[in-house]
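K.L.:
Once you've had a glance at the structure underneath, I'll fire off some questions.
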Amino acid sequence: MSKTEDFLSKAEEQEIVLAIVEAEKNTSGEIRVHIEEHTEKSPLDRAQEVFFELKMDETQDRNGVLFYVCVSDKKFAIIGDKGINEAVESDFWDCTKDIVIANFKEGNFKKGLVEGILRAGERLKKYFPYQSDDTNELSNEISRS
């Protein structure tokens with residue numbers, strides 16, 4: 001079994017998906033989680049690639065958010081699309097990233113992702129509030145490569 005399969009149990013993955021659903025109730029932003037085993041690239045560079053591979057740059061308001069985890073390299077990144085980056089302060093993701101990393105350091109991977117996702121939803125609500133005609137533009141399922 002690979003490290004990515006050991007990283008989260010099926011039940012933990014479902015809790016993360018439910019956190020995405022919950023977070024997206026507050027915002028029109030779209031949140032995804034991507035997990036992979038290894039990358040030669042920096043976490044931010046690889047997260048950018050995955051962001052485009054998942055077509056996260058094609059949302060109507062350009063307000064997608066990716067939580068990227070590279071398991072064996074112990075790397076993590078959180079990135080937002082152009083619409084978010086143009087609307088928020090430069091340190092917008094720092095507190096969310098800090099919550100995730102603090103939990104990861106203690107081996108609480110599911111908790112870190114759930115808390116980070118819920119925090120992202122709360123923070124995005126200010127800039128991209130949920131609209132009554134909002135449609136879920138991206139899958140809430142965890143992607144892997």
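Residues in the structure tokens are numbered from 1 in each chain, the chains being A, B, ... in the order shown, and ligands are numbered from 1 in the order shown.
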Determine, counting only C-alpha atoms, which protein, DNA and RNA residues have an atom within 7 Å of an atom of segment 30-39 of chain A; residues of the same chain fewer than 3 positions away are not included. Present the result as a PDB file with C-alpha atoms, in the first residue's frame.
P.N.:
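See part_28.pdb below for the written result:
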```
ATOM      1  CA  LYS A   3       1.703   6.212   1.659  1.00  0.00           C
ATOM      2  CA  THR A   4      -1.131   8.137   0.032  1.00  0.00           C
ATOM      3  CA  ILE A  20     -15.813  20.915   1.933  1.00  0.00           C
ATOM      4  CA  GLU A  24     -19.027  25.845   0.551  1.00  0.00           C
ATOM      5  CA  ASN A  63     -12.453  31.644  -6.760  1.00  0.00           C
ATOM      6  CA  GLY A  64     -11.168  28.095  -6.485  1.00  0.00           C
ATOM      7  CA  VAL A  65      -8.955  27.032  -3.572  1.00  0.00           C
ATOM      8  CA  LEU A  66      -6.643  24.027  -3.600  1.00  0.00           C
ATOM      9  CA  PHE A  67      -5.245  22.259  -0.546  1.00  0.00           C
ATOM     10  CA  TYR A  68      -2.260  20.336  -1.929  1.00  0.00           C
ATOM     11  CA  VAL A  69      -0.585  17.561   0.098  1.00  0.00           C
ATOM     12  CA  CYS A  70       2.517  15.622  -0.931  1.00  0.00           C
ATOM     13  CA  VAL A  71       2.656  12.747   1.538  1.00  0.00           C
ATOM     14  CA  SER A  72       6.134  11.203   1.350  1.00  0.00           C
ATOM     15  CA  ASP A  73       7.835  14.589   0.929  1.00  0.00           C
ATOM     16  CA  LEU A 138     -16.048  21.535  -8.949  1.00  0.00           C
ATOM     17  CA  ASN A 140     -15.823  17.899  -3.633  1.00  0.00           C
ATOM     18  CA  ILE A 142     -10.379  14.261  -2.963  1.00  0.00           C
ATOM     19  CA  SER A 143      -8.244  13.912  -6.083  1.00  0.00           C
ATOM     20  CA  ARG A 144      -5.003  11.938  -6.299  1.00  0.00           C
ATOM     21  CA  SER A 145      -2.113  11.486  -8.673  1.00  0.00           C
TER      22      SER A 145
END
```
K.L.:
Got a sec: who's within 6 Å of Thr96 of chain A, counting only C-alpha atoms, leaving out chain neighbours fewer than 3 positions off, as a compact mmCIF listing (two decimals) with C-alpha atoms, in the first residue's frame?
P.N.:
```txt
# COMPACT_ATOMS: atom_id res chain seq x y z
CA TRP A 93 -3.88 32.16 3.55
CA ILE A 99 -3.74 25.63 11.31
CA GLY A 116 -8.24 24.42 7.32
```
K.L.:
Based on DSSP run over this structure's backbone, return all residues of chain A in strand (DSSP E or B), as a ChimeraX atom specification.
P.N.:
/A:27,30-36,64-70,75-80,129,143-144
K.L.:
Run DSSP on the backbone and grab whatever in segment 24-124 of chain A lands in helix (DSSP H, G or I); send it over as a PyMOL selection string.
P.N.:
chain A and resi 43-53+56-58+82-87+94-105+109-124
K.L.:
Please, could you write that set of residues out with N, CA and C atoms as a short mmCIF file (atom, residue, chain, number, x, y, z; two decimals), in the first residue's frame?
P.N.:
```
data_model
loop_
_atom_site.label_atom_id
_atom_site.label_comp_id
_atom_site.auth_asym_id
_atom_site.auth_seq_id
_atom_site.Cartn_x
_atom_site.Cartn_y
_atom_site.Cartn_z
N PRO A 43 6.29 22.69 -3.44
CA PRO A 43 4.86 22.47 -3.25
C PRO A 43 4.00 23.51 -3.96
N LEU A 44 4.44 24.76 -3.98
CA LEU A 44 3.65 25.79 -4.66
C LEU A 44 3.62 25.59 -6.17
N ASP A 45 4.77 25.24 -6.74
CA ASP A 45 4.80 25.00 -8.19
C ASP A 45 3.93 23.81 -8.56
N ARG A 46 4.02 22.74 -7.79
CA ARG A 46 3.22 21.55 -8.10
C ARG A 46 1.74 21.83 -7.86
N ALA A 47 1.42 22.57 -6.81
CA ALA A 47 0.02 22.92 -6.55
C ALA A 47 -0.55 23.71 -7.72
N GLN A 48 0.25 24.62 -8.28
CA GLN A 48 -0.20 25.40 -9.44
C GLN A 48 -0.52 24.47 -10.62
N GLU A 49 0.35 23.51 -10.86
CA GLU A 49 0.12 22.56 -11.95
C GLU A 49 -1.18 21.78 -11.74
N VAL A 50 -1.33 21.25 -10.53
CA VAL A 50 -2.53 20.47 -10.21
C VAL A 50 -3.78 21.33 -10.34
N PHE A 51 -3.68 22.58 -9.91
CA PHE A 51 -4.79 23.53 -9.99
C PHE A 51 -5.32 23.59 -11.42
N PHE A 52 -4.41 23.70 -12.38
CA PHE A 52 -4.80 23.78 -13.79
C PHE A 52 -5.25 22.43 -14.33
N GLU A 53 -4.59 21.35 -13.89
CA GLU A 53 -4.99 19.99 -14.32
C GLU A 53 -6.44 19.70 -13.90
N MET A 56 -9.41 24.04 -12.14
CA MET A 56 -9.91 24.91 -11.07
C MET A 56 -9.90 26.39 -11.47
N ASP A 57 -9.19 26.70 -12.56
CA ASP A 57 -9.13 28.07 -13.05
C ASP A 57 -10.33 28.40 -13.95
N GLU A 58 -11.25 27.47 -14.07
CA GLU A 58 -12.39 27.68 -14.97
C GLU A 58 -13.69 28.01 -14.23
N LYS A 82 -7.08 33.48 -9.26
CA LYS A 82 -6.89 34.90 -9.57
C LYS A 82 -7.94 35.79 -8.90
N GLY A 83 -9.20 35.39 -8.94
CA GLY A 83 -10.27 36.20 -8.35
C GLY A 83 -10.07 36.42 -6.86
N ILE A 84 -9.61 35.39 -6.17
CA ILE A 84 -9.36 35.49 -4.74
C ILE A 84 -8.13 36.37 -4.50
N ASN A 85 -7.07 36.06 -5.20
CA ASN A 85 -5.81 36.78 -4.97
C ASN A 85 -5.93 38.27 -5.25
N GLU A 86 -6.82 38.65 -6.17
CA GLU A 86 -7.02 40.07 -6.46
C GLU A 86 -7.86 40.76 -5.39
N ALA A 87 -8.65 39.97 -4.63
CA ALA A 87 -9.58 40.55 -3.66
C ALA A 87 -9.06 40.58 -2.23
N ASP A 94 -2.23 32.68 5.28
CA ASP A 94 -1.25 32.30 6.30
C ASP A 94 -1.88 31.62 7.51
N CYS A 95 -2.95 32.20 8.06
CA CYS A 95 -3.53 31.60 9.27
C CYS A 95 -4.16 30.24 8.96
N THR A 96 -4.73 30.09 7.77
CA THR A 96 -5.30 28.80 7.37
C THR A 96 -4.19 27.77 7.23
N LYS A 97 -3.12 28.16 6.57
CA LYS A 97 -1.97 27.27 6.38
C LYS A 97 -1.38 26.88 7.73
N ASP A 98 -1.28 27.83 8.66
CA ASP A 98 -0.72 27.55 9.98
C ASP A 98 -1.54 26.53 10.75
N ILE A 99 -2.86 26.60 10.65
CA ILE A 99 -3.74 25.63 11.31
C ILE A 99 -3.47 24.23 10.78
N VAL A 100 -3.39 24.12 9.46
CA VAL A 100 -3.16 22.82 8.83
C VAL A 100 -1.80 22.27 9.24
N ILE A 101 -0.77 23.07 9.13
CA ILE A 101 0.59 22.60 9.42
C ILE A 101 0.74 22.22 10.89
N ALA A 102 0.16 22.99 11.80
CA ALA A 102 0.25 22.66 13.22
C ALA A 102 -0.34 21.28 13.49
N ASN A 103 -1.48 20.98 12.88
CA ASN A 103 -2.11 19.67 13.04
C ASN A 103 -1.28 18.57 12.37
N PHE A 104 -0.76 18.84 11.18
CA PHE A 104 0.06 17.85 10.47
C PHE A 104 1.28 17.46 11.30
N LYS A 105 1.90 18.45 11.95
CA LYS A 105 3.10 18.16 12.75
C LYS A 105 2.80 17.19 13.89
N PHE A 109 -3.75 14.53 10.44
CA PHE A 109 -3.91 14.95 9.05
C PHE A 109 -5.35 15.31 8.72
N LYS A 110 -6.28 14.46 9.11
CA LYS A 110 -7.69 14.74 8.83
C LYS A 110 -8.12 16.02 9.54
N LYS A 111 -7.79 16.13 10.80
CA LYS A 111 -8.18 17.31 11.58
C LYS A 111 -7.61 18.58 10.96
N GLY A 112 -6.35 18.52 10.53
CA GLY A 112 -5.73 19.69 9.92
C GLY A 112 -6.45 20.13 8.66
N LEU A 113 -6.78 19.16 7.81
CA LEU A 113 -7.49 19.50 6.57
C LEU A 113 -8.90 20.00 6.85
N VAL A 114 -9.62 19.33 7.75
CA VAL A 114 -10.99 19.75 8.08
C VAL A 114 -10.99 21.17 8.64
N GLU A 115 -10.12 21.44 9.61
CA GLU A 115 -10.08 22.78 10.21
C GLU A 115 -9.65 23.83 9.19
N GLY A 116 -8.69 23.49 8.34
CA GLY A 116 -8.24 24.42 7.32
C GLY A 116 -9.34 24.73 6.31
N ILE A 117 -10.05 23.70 5.89
CA ILE A 117 -11.13 23.86 4.91
C ILE A 117 -12.25 24.73 5.49
N LEU A 118 -12.65 24.45 6.73
CA LEU A 118 -13.71 25.24 7.36
C LEU A 118 -13.27 26.68 7.54
N ARG A 119 -12.02 26.87 7.90
CA ARG A 119 -11.47 28.22 8.05
C ARG A 119 -11.46 28.95 6.70
N ALA A 120 -11.07 28.26 5.65
CA ALA A 120 -11.06 28.86 4.32
C ALA A 120 -12.47 29.30 3.92
N GLY A 121 -13.46 28.45 4.19
CA GLY A 121 -14.84 28.80 3.88
C GLY A 121 -15.30 30.04 4.62
N GLU A 122 -14.95 30.12 5.89
CA GLU A 122 -15.31 31.30 6.70
C GLU A 122 -14.64 32.56 6.16
N ARG A 123 -13.36 32.46 5.84
CA ARG A 123 -12.62 33.63 5.36
C ARG A 123 -13.12 34.07 3.99
N LEU A 124 -13.46 33.10 3.13
CA LEU A 124 -13.92 33.43 1.78
C LEU A 124 -15.30 34.08 1.79
#
```
K.L.:
Any idea what the distance is between atom CA of Asp61 of chain A and atom CA of Asn26 of chain A?
P.N.:
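That distance, rounded to one decimal, is 15.1 Å.
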K.L.:
Would you mind reading off the distance between atom CA of Phe7 of chain A and atom CA of Gly107 of chain A, one decimal, in Å?
P.N.:
9.7 Å
K.L.:
Between atom CA of Phe92 of chain A and atom CA of Gly29 of chain A, what is the distance, to one decimal in Å?
P.N.:
14.4 Å
K.L.:
Taking only C-alpha atoms into account, which of A:Pro129, A:Glu137, A:Ser9, A:Leu54 comes nearest Ala23 of chain A?
P.N.:
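Of the candidates, the smallest distance to Ala23 of chain A is held by A:Pro129.
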